[in-house]
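Next comes data-v9.txt, a file with compact mmCIF, C-alpha atoms.
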```
# COMPACT_ATOMS: atom_id res chain seq x y z
CA MET A 483 53.25 126.50 147.08
CA PRO A 484 49.66 127.75 146.63
CA LEU A 485 48.89 131.46 146.59
CA LEU A 486 45.49 132.54 147.86
CA CYS A 487 44.59 136.16 147.08
CA ILE A 488 41.89 137.89 149.13
CA ALA A 489 40.39 140.86 147.27
CA SER A 490 37.32 143.06 147.46
CA PRO A 491 35.54 145.47 145.13
CA LYS A 492 35.63 148.22 147.75
CA GLY A 493 36.80 148.93 151.26
CA GLY A 494 34.86 148.20 154.40
CA VAL A 495 33.61 144.74 153.50
CA GLY A 496 35.81 142.94 156.03
CA LYS A 497 38.40 141.70 153.55
CA THR A 498 41.30 141.96 155.99
CA THR A 499 39.26 140.34 158.75
CA VAL A 500 38.44 137.45 156.45
CA ALA A 501 42.07 137.20 155.31
CA ALA A 502 43.46 137.08 158.85
CA ASN A 503 40.94 134.63 160.23
CA LEU A 504 40.99 132.43 157.15
CA ALA A 505 44.79 132.27 157.33
CA ASP A 506 44.49 131.23 160.96
CA ALA A 507 41.82 128.65 160.19
CA LEU A 508 43.94 127.17 157.40
CA ARG A 509 46.93 127.05 159.74
CA ARG A 510 44.81 125.20 162.28
CA GLY A 511 43.93 122.76 159.54
CA GLY A 512 47.56 121.75 159.34
CA GLN A 513 48.83 124.13 156.69
CA ARG A 514 51.99 126.17 157.00
CA VAL A 515 50.75 129.67 156.30
CA LEU A 516 52.43 132.96 155.44
CA ALA A 517 50.12 135.98 155.37
CA ILE A 518 51.32 138.98 153.39
CA ASP A 519 49.69 142.38 153.74
CA LEU A 520 49.53 144.30 150.46
CA ASP A 521 47.04 146.88 151.73
CA PRO A 522 48.59 150.23 152.76
CA GLN A 523 46.18 150.40 155.68
CA ASN A 524 48.59 147.98 157.38
CA ALA A 525 45.75 146.49 159.43
CA LEU A 526 46.36 142.78 158.94
CA ARG A 527 48.98 142.76 161.68
CA LEU A 528 46.45 143.96 164.27
CA HIS A 529 44.43 140.74 163.96
CA PHE A 530 47.58 138.80 164.80
CA GLY A 531 48.35 140.78 167.95
CA VAL A 532 51.17 142.92 166.57
CA PRO A 533 51.32 146.14 168.60
CA LEU A 534 50.14 149.30 166.90
CA ALA A 535 53.48 150.96 167.61
CA GLU A 536 55.38 148.45 165.51
CA ARG A 537 55.61 150.15 162.14
CA ALA A 538 58.04 147.99 160.22
CA GLY A 539 56.90 146.10 157.16
CA PHE A 540 57.74 144.62 153.81
CA LEU A 541 55.85 146.65 151.21
CA ALA A 542 56.69 149.95 152.86
CA GLU A 543 60.39 149.15 152.36
CA LEU A 544 59.92 147.70 148.89
CA PRO A 545 61.23 150.78 147.02
CA ARG A 546 64.43 150.46 149.05
CA GLY A 547 64.77 146.81 148.14
CA ILE A 548 64.32 145.18 151.55
CA GLY A 549 64.53 141.40 151.64
CA TRP A 550 61.22 139.82 152.51
CA ARG A 551 62.76 137.36 154.94
CA SER A 552 64.10 140.17 157.10
CA ALA A 553 60.59 141.60 157.48
CA LEU A 554 58.99 138.26 158.32
CA ARG A 555 57.66 137.70 161.82
CA LEU A 556 56.07 134.68 163.40
CA THR A 557 52.86 135.55 165.24
CA PRO A 558 51.51 133.75 168.32
CA SER A 559 48.90 132.06 166.12
CA GLY A 560 51.63 130.24 164.24
CA VAL A 561 50.97 132.18 161.05
CA ALA A 562 54.05 133.90 159.62
CA LEU A 563 53.30 137.51 158.78
CA LEU A 564 54.70 140.10 156.41
CA PRO A 565 53.11 143.39 157.48
CA PHE A 566 52.78 146.17 154.94
CA GLY A 567 54.42 148.70 157.23
CA THR A 568 53.10 152.03 158.38
CA VAL A 569 53.32 154.58 155.58
CA THR A 570 52.24 158.09 154.75
CA THR A 571 50.14 158.78 151.69
CA ALA A 572 53.24 159.86 149.80
CA GLU A 573 55.04 156.65 150.75
CA ALA A 574 52.04 154.56 149.68
CA LEU A 575 52.17 156.28 146.30
CA MET A 576 55.89 155.52 146.10
CA VAL A 577 55.12 151.83 146.64
CA THR A 578 52.53 151.91 143.85
CA ALA A 579 54.99 153.68 141.55
CA ALA A 580 57.69 151.15 142.39
CA LEU A 581 55.35 148.27 141.55
CA GLU A 582 54.50 149.97 138.29
CA ALA A 583 58.11 150.54 137.35
CA ALA A 584 59.52 147.27 138.60
CA PRO A 585 56.89 144.56 139.10
CA ALA A 586 59.60 142.06 139.98
CA LEU A 587 60.06 143.85 143.28
CA LEU A 588 56.87 142.06 144.34
CA THR A 589 56.58 139.10 142.01
CA GLY A 590 60.19 138.06 142.66
CA PRO A 591 59.75 137.63 146.43
CA VAL A 592 56.33 136.03 145.99
CA ARG A 593 57.79 133.51 143.53
CA GLU A 594 60.45 132.73 146.13
CA MET A 595 57.76 132.12 148.72
CA LEU A 596 55.80 129.93 146.34
CA ALA A 597 58.92 127.90 145.65
CA ASP A 598 58.55 126.47 149.13
CA PRO A 599 56.31 123.46 148.52
CA ALA A 600 55.24 123.35 152.14
CA LEU A 601 54.00 126.92 152.29
CA LEU A 602 50.55 128.39 151.68
CA VAL A 603 50.73 132.13 150.99
CA VAL A 604 47.65 134.22 151.82
CA ALA A 605 47.78 137.71 150.29
CA ASP A 606 45.54 140.48 151.60
CA LEU A 607 45.13 142.78 148.57
CA PRO A 608 44.16 146.45 148.64
CA PRO A 609 40.43 147.10 148.08
CA GLY A 610 39.32 147.58 144.50
CA PRO A 611 41.39 147.09 141.38
CA SER A 612 45.09 147.42 142.14
CA ARG A 613 48.48 146.87 140.60
CA ALA A 614 49.23 144.28 143.26
CA LEU A 615 46.16 142.28 142.23
CA GLU A 616 47.14 142.50 138.56
CA LEU A 617 50.59 141.19 139.38
CA LEU A 618 49.60 138.41 141.76
CA ALA A 619 46.39 137.06 140.22
CA PRO A 620 48.30 135.21 137.47
CA LEU A 621 50.32 133.48 140.18
CA ALA A 622 47.35 132.67 142.35
CA SER A 623 45.74 129.30 142.78
CA LEU A 624 42.60 131.02 143.96
CA VAL A 625 41.34 134.61 144.09
CA LEU A 626 38.72 134.96 146.78
CA VAL A 627 36.60 138.10 146.62
CA VAL A 628 34.80 139.30 149.71
CA LEU A 629 31.38 140.86 149.20
CA LEU A 630 28.68 142.20 151.44
CA ALA A 631 25.10 141.04 151.05
CA ASP A 632 23.78 144.50 150.33
CA ALA A 633 22.48 146.46 147.36
CA GLN A 634 25.95 147.25 146.11
CA GLY A 635 26.93 143.60 146.28
CA ALA A 636 23.84 142.67 144.28
CA ALA A 637 24.64 145.38 141.73
CA LEU A 638 28.02 143.73 141.09
CA MET A 639 26.49 140.50 139.83
CA PRO A 640 26.50 141.54 136.14
CA GLU A 641 30.16 142.54 136.44
CA ILE A 642 31.00 139.22 138.03
CA ASP A 643 29.09 137.33 135.34
CA SER A 644 30.77 139.24 132.51
CA GLY A 645 34.27 138.53 133.77
CA ARG A 646 35.14 142.21 133.92
CA PHE A 647 35.00 142.16 137.67
CA LEU A 648 38.10 143.79 139.21
CA GLY A 649 39.84 143.35 135.87
CA LEU A 650 40.22 139.66 136.63
CA GLY A 651 38.44 138.39 133.55
CA GLY A 652 41.31 138.99 131.16
CA LEU A 653 43.98 137.54 133.39
CA ALA A 654 45.36 134.16 132.58
CA GLY A 655 45.60 132.74 136.06
CA ARG A 656 45.38 129.16 137.14
CA ASP A 657 41.87 129.89 138.26
CA SER A 658 40.47 129.95 134.75
CA ASP A 659 36.87 130.05 135.92
CA GLY A 660 37.32 133.44 137.49
CA PRO A 661 37.31 134.48 141.09
CA ARG A 662 35.46 132.73 143.86
CA LEU A 663 33.39 134.69 146.29
CA VAL A 664 32.54 134.82 149.96
CA LEU A 665 29.70 136.77 151.52
CA ASN A 666 30.60 138.55 154.71
CA GLN A 667 28.41 139.91 157.50
CA VAL A 668 25.28 138.02 156.49
CA ASP A 669 22.48 138.95 158.86
CA HIS A 670 19.50 136.61 158.73
CA GLU A 671 17.50 138.96 160.92
CA ALA A 672 17.83 141.87 158.47
CA ARG A 673 15.44 141.60 155.55
CA LEU A 674 17.73 143.20 152.96
CA SER A 675 20.79 141.21 153.96
CA ARG A 676 18.90 137.92 154.02
CA THR A 677 17.14 138.56 150.71
CA VAL A 678 20.28 139.64 148.87
CA ALA A 679 22.35 136.82 150.36
CA GLU A 680 19.82 134.18 149.35
CA ALA A 681 19.57 135.61 145.84
CA MET A 682 23.35 135.75 145.47
CA ALA A 683 23.72 132.20 146.76
CA GLN A 684 21.21 131.02 144.17
CA HIS A 685 22.82 133.04 141.41
CA LEU A 686 26.47 132.28 142.11
CA GLY A 687 26.04 128.59 142.83
CA PRO A 688 29.41 126.87 143.34
CA ARG A 689 31.29 130.12 142.74
CA LEU A 690 30.20 131.15 146.24
CA LEU A 691 32.58 129.32 148.55
CA GLY A 692 31.27 130.59 151.85
CA ALA A 693 29.12 132.97 153.84
CA LEU A 694 30.01 134.38 157.22
CA ALA A 695 27.34 135.41 159.69
CA ARG A 696 27.39 138.93 161.04
CA GLU A 697 28.20 138.76 164.74
CA ASP A 698 29.59 141.08 167.36
CA ALA A 699 32.11 138.40 168.22
CA VAL A 700 34.01 139.12 165.00
CA ALA A 701 34.51 142.80 165.75
CA GLU A 702 35.19 142.05 169.40
CA ALA A 703 37.94 139.64 168.41
CA LEU A 704 39.78 142.47 166.65
CA ALA A 705 39.17 144.75 169.62
CA GLU A 706 41.03 142.17 171.71
CA GLN A 707 43.65 141.76 168.95
CA ARG A 708 42.76 138.11 168.83
CA LEU A 709 41.60 135.80 166.12
CA LEU A 710 38.00 134.67 166.00
CA LEU A 711 38.73 131.00 166.52
CA ASP A 712 40.61 131.96 169.67
CA SER A 713 38.17 134.45 171.12
CA ALA A 714 34.78 133.00 170.15
CA PRO A 715 35.26 129.47 168.83
CA ALA A 716 31.63 128.53 169.45
CA SER A 717 30.13 131.46 167.56
CA ARG A 718 28.19 131.00 164.35
CA ALA A 719 30.73 133.11 162.48
CA ALA A 720 33.51 130.82 163.70
CA GLN A 721 31.61 127.82 162.43
CA ASP A 722 31.16 129.55 159.08
CA LEU A 723 34.85 130.34 159.04
CA ARG A 724 35.83 126.71 159.64
CA GLU A 725 33.53 125.63 156.84
CA LEU A 726 35.00 128.26 154.50
CA ALA A 727 38.53 127.12 155.38
CA ARG A 728 37.58 123.53 154.64
CA VAL A 729 36.19 124.44 151.22
CA VAL A 730 39.14 126.72 150.37
CA ALA A 731 41.67 124.09 151.43
CA ALA A 732 39.94 121.57 149.20
CA ALA A 733 40.10 124.00 146.28
CA LEU A 734 43.82 124.65 146.69
CA PRO A 735 46.65 122.36 145.70
CA ARG A 736 47.77 120.72 148.88
CA ALA A 737 51.11 121.94 150.18
CA VAL A 738 53.53 119.11 150.92
CA GLU A 739 54.73 118.39 154.42
CA PRO A 740 57.55 120.67 155.52
CA VAL A 741 60.92 119.03 155.18
CA ALA A 742 63.15 121.69 156.68
CA ALA A 743 63.02 124.55 159.10
CA GLY A 744 62.56 128.05 157.79
CA TRP A 745 59.88 129.57 155.69
CA ALA A 746 61.38 129.14 152.25
CA ARG A 747 64.33 127.65 150.54
CA MET B 505 28.08 147.11 226.44
CA ALA B 506 25.06 149.05 225.46
CA GLN B 507 24.18 146.54 222.78
CA ASP B 508 23.99 143.84 225.46
CA ASP B 509 21.61 146.03 227.43
CA ASP B 510 19.42 146.38 224.37
CA PHE B 511 19.37 142.66 223.80
CA ALA B 512 18.72 141.94 227.43
CA ARG B 513 15.70 144.23 227.39
CA MET B 514 14.50 142.67 224.16
CA ALA B 515 15.02 139.17 225.59
CA ALA B 516 13.01 140.13 228.65
CA ALA B 517 10.24 141.62 226.54
CA LEU B 518 10.06 138.57 224.29
CA GLY B 519 10.37 136.09 227.12
CA VAL B 520 13.45 134.56 225.52
CA PRO B 521 16.17 134.60 228.13
CA GLY B 522 18.68 132.92 225.83
CA LEU B 523 18.71 135.79 223.36
CA ARG B 524 22.15 137.33 223.33
CA TYR B 525 23.95 139.91 221.31
CA ARG B 526 26.81 138.82 219.18
CA SER B 527 28.79 141.27 217.15
CA PHE B 528 29.90 138.77 214.49
CA ARG B 529 33.08 140.83 214.41
CA ASN B 530 31.32 143.91 213.15
CA ALA B 531 32.54 147.21 214.45
CA PRO B 532 30.15 148.99 216.79
CA VAL B 533 28.24 151.74 215.11
CA ARG B 534 27.63 153.87 218.15
CA PRO B 535 30.05 156.75 218.39
CA GLY B 536 32.24 157.34 221.40
CA ARG B 537 32.78 153.72 222.31
CA ALA B 538 35.95 151.78 222.01
CA LEU B 539 36.13 148.92 219.58
CA ALA B 540 35.55 145.63 221.27
CA PRO B 541 38.05 142.91 220.40
CA PRO B 542 36.66 140.57 217.79
CA GLU B 543 35.17 137.41 219.05
CA PRO B 544 37.09 134.29 218.21
CA ALA B 545 35.42 132.04 215.74
CA SER B 546 35.51 129.10 218.09
CA ASP B 547 33.77 130.80 221.00
CA LEU B 548 30.30 129.69 220.03
CA PRO B 549 30.05 126.43 222.02
CA ALA B 550 31.60 127.88 225.17
CA ALA B 551 31.07 131.60 225.19
CA PRO B 552 32.90 133.59 227.85
CA PRO B 553 30.74 135.43 230.35
CA LEU B 554 29.54 138.78 229.16
CA PRO B 555 31.09 141.83 230.73
CA VAL B 556 28.56 143.67 232.79
CA GLU B 557 28.47 147.34 232.14
CA PRO B 558 26.66 149.89 234.18
CA ALA B 559 23.14 150.17 232.93
CA TRP B 560 21.48 153.39 232.05
CA PRO B 561 20.72 155.44 235.09
CA GLY B 562 17.63 154.22 236.85
CA ARG B 563 17.36 151.00 234.94
CA PRO B 564 18.28 147.62 236.38
CA VAL B 565 20.61 145.34 234.52
CA ALA B 566 18.61 142.48 233.14
CA ALA B 567 19.74 139.03 233.91
CA VAL B 568 21.31 137.38 230.91
CA ALA B 569 21.16 133.67 230.62
CA PRO B 570 24.10 131.86 229.01
CA LEU B 571 23.80 130.91 225.40
CA PRO B 572 22.75 127.37 224.73
CA VAL B 573 25.28 125.33 222.81
CA PRO B 574 24.05 125.37 219.24
CA MET B 575 23.61 122.25 217.20
CA PRO B 576 26.47 121.72 214.83
CA ILE B 577 25.61 122.46 211.25
CA VAL B 578 26.33 119.42 209.15
CA ALA B 579 25.94 120.21 205.49
CA SER B 580 28.28 119.76 202.63
CA PRO B 581 28.60 122.62 200.13
CA ALA B 582 27.51 120.35 197.34
CA ALA B 583 24.25 119.54 199.09
CA ALA B 584 23.45 123.14 199.87
CA PRO B 585 20.58 124.55 197.87
CA ALA B 586 21.41 127.23 195.32
CA ALA B 587 21.17 130.63 196.91
CA TRP B 588 19.98 132.44 193.83
CA PRO B 589 18.99 130.10 191.04
CA LEU B 590 18.17 132.93 188.65
CA LEU B 591 21.83 133.86 188.48
CA GLU B 592 23.09 130.36 187.85
CA PRO B 593 23.21 130.76 184.05
CA LEU B 594 25.53 133.72 184.48
CA PHE B 595 28.09 131.62 186.27
CA ALA B 596 27.62 128.41 184.37
CA PRO B 597 30.52 127.39 182.18
CA PRO B 598 29.99 128.42 178.57
CA VAL B 599 28.34 125.77 176.50
CA ALA B 600 29.35 125.47 172.90
CA GLU B 601 26.58 126.74 170.68
CA THR B 602 25.22 123.98 168.54
CA VAL B 603 24.17 125.28 165.18
CA ALA B 604 22.69 122.73 162.87
CA VAL B 605 23.71 124.37 159.62
CA GLY B 606 26.13 127.09 158.60
CA THR B 607 25.18 130.37 157.01
CA LEU B 608 25.95 129.28 153.44
CA ALA B 609 23.96 126.07 153.78
CA ARG B 610 21.09 128.06 155.20
CA LEU B 611 21.21 130.44 152.24
CA ARG B 612 21.29 127.59 149.76
CA ALA B 613 18.39 125.88 151.48
CA ALA B 614 16.21 128.95 151.05
CA PRO B 615 13.70 128.65 148.23
CA ALA B 616 14.43 130.64 145.10
CA ALA B 617 12.69 133.95 144.66
CA GLY B 618 10.36 132.55 142.01
CA GLU B 619 9.18 129.84 144.38
CA ARG B 620 8.44 132.26 147.14
CA ARG B 621 5.19 134.04 146.52
CA PRO B 622 3.28 135.35 149.50
CA ALA B 623 0.49 133.08 150.64
CA SER B 624 -2.04 135.83 150.08
CA ALA B 625 -1.09 136.00 146.41
CA VAL B 626 -1.61 132.30 145.75
CA GLY B 627 -4.69 131.75 143.62
CA LEU B 628 -5.37 135.42 143.18
CA PRO B 629 -4.78 136.58 139.61
CA ASP B 630 -2.77 139.71 139.32
CA PRO B 631 -5.19 142.25 137.81
CA LEU B 632 -2.37 143.76 135.77
CA PHE B 633 -1.52 140.49 134.06
CA ALA B 634 -4.83 138.62 134.14
CA PRO B 635 -6.16 137.75 130.68
CA ARG B 636 -8.67 140.31 129.64
CA PRO B 637 -11.94 139.41 127.92
CA ALA B 638 -12.01 140.03 124.23
CA ARG B 639 -13.14 143.45 123.22
CA GLY B 640 -16.90 143.58 123.09
CA ALA B 641 -17.29 140.03 124.44
CA GLY B 642 -19.66 141.19 127.14
CA PHE B 643 -22.07 142.68 124.66
CA ARG B 644 -22.99 139.65 122.68
```
As structure tokens:
Amino acid sequence: MPLLCIASPKGGVGKTTVAANLADALRRGGQRVLAIDLDPQNALRLHFGVPLAERAGFLAELPRGIGWRSALRLTPSGVALLPFGTVTTAEALMVTAALEAAPALLTGPVREMLADPALLVVADLPPGPSRALELLAPLASLVLVVLLADAQGAALMPEIDSGRFLGLGGLAGRDSDGPRLVLNQVDHEARLSRTVAEAMAQHLGPRLLGALAREDAVAEALAEQRLLLDSAPASRAAQDLRELARVVAAALPRAVEPVAAGWAR
Amino acid sequence: MAQDDDFARMAAALGVPGLRYRSFRNAPVRPGRALAPPEPASDLPAAPPLPVEPAWPGRPVAAVAPLPVPMPIVASPAAAPAAWPLLEPLFAPPVAETVAVGTLARLRAAPAAGERRPASAVGLPDPLFAPRPARGAGFR
């Protein structure tokens, strides 16, 4: 039933990495999780061990009206996955145009997913403001924005405070207090990262739900096409991830126990 | 074999008649000689007599005493000392890292920027913001 949107103000902050590993951590916590990739980079699948050569996906076929259930695949982690699909630039623009012309192409399937009371849907949004974020934020129980503890992240604080951040301030979602944030790649040994992260933690207070340590183990997990809690469960980043999953799960309405097989009714 | 000759001469020189060459199943390194069959592993207590080869011209074949029966080695692998203790950490099973606090808790525990002045600045008035004496006060 809950929808968790993972967004970011720009690319390269580790949004997809956070989305994949958080989905896995929530699944390990007993949730039934469906991860949907809305980013044309189609990279979410790689974290779940889907081979690079497999190009099929949901969003890529959206203009042709594919059913979302037919694109669903169960990954070894136990998380159900809807990949975006491998697309050219022209095809990615067609998807955007289709969402603009017919928003129900996306909101309809997502509402069907959310009708399953036992299902937690984790959506990996494209970086920056996007039509997909505009459409899904009103349906979301929680919008989690991934930031880096760098100068650009610090420069976003006024935007976050004003509510104009990513265009989320004017949206009437369930999360009336605005988005929640997570700091990624926090490096306590780097002066800038540590200073900015500490300042942001002080400034954001309870709006900051988590901070993930920067560690090679995170990048190495993707290199192995494994999830962090599988490949380096004792790492500091894995501990941070478990803590983030605990806080996020507490902030979400609890999905009920599954009563029937299948991913939605 | 030539190796036996070498050992016999060395045994004679050292006064150790029991010294004897054993190949330990290694192939001979001298060219032009046939490979000797490997010695069975169980030949140590009762070694067969050594074949006597012609010595080098002009040199007598040294007498070779039979090997004494060695004492059996009684040691369990568990009791054996570590061969290379420095490498033990490499082969030790991974131990879960115990981190007292997570990254977010560590950030929140850090003092705020206003509370964090360098020690050298404590008690030293900033000359830019120190109260200045009233104009002309020093001339009265």
(message) Taking 6 positions as the minimum chain separation for residues in the same chain, which residues sit within 7 Å of range 711-727 of chain A when counting all atoms listed in the file? Answer as a PyMOL selection string.
(response) (chain A and resi 504+507-508+691-697+699+703) or (chain B and resi 600-601+606-607)
(message) Given the point (20.2, 137.8, 149.4) in the file's coordinates, find the residues that have an atom at most 12 Å from it, counting all atoms listed in the file, and give them as JSON, numbers by chain.
(response) {"A": [629, 630, 631, 632, 633, 634, 635, 636, 637, 639, 665, 666, 667, 668, 669, 670, 671, 672, 673, 674, 675, 676, 677, 678, 679, 680, 681, 682, 683, 684, 685, 686, 693], "B": [607, 608, 610, 611, 612, 614, 615, 616, 617]}
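Interatomic distance, CA of Leu624 in chain A to CA of Leu734 in chain A: 7.0 Å.
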(request) Write out as a PyMOL selection string which residues come within 6 Å of range 586-598 of chain A when counting all atoms listed in the file, dropping same-chain ones fewer than 2 positions away. (result) chain A and resi 483+584+600-601+746
Just the selected residues (C-alpha atoms), exported as a short mmCIF file (atom, residue, chain, number, x, y, z; two decimals), in the coordinates of the input, please.
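The result, stored in part.cif:
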```cif
data_model
loop_
_atom_site.label_atom_id
_atom_site.label_comp_id
_atom_site.auth_asym_id
_atom_site.auth_seq_id
_atom_site.Cartn_x
_atom_site.Cartn_y
_atom_site.Cartn_z
CA MET A 483 53.25 126.50 147.08
CA ALA A 584 59.52 147.27 138.60
CA ALA A 600 55.24 123.35 152.14
CA LEU A 601 54.00 126.92 152.29
CA ALA A 746 61.38 129.14 152.25
#
```
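CA of Pro565 in chain A lies 7.7 Å from CA of Ala553 in chain A.
Residue nearest chain A, chosen from B:Leu523, B:Ala609, B:Ala512, B:Ala517 and counting only C-alpha atoms: B:Ala609.
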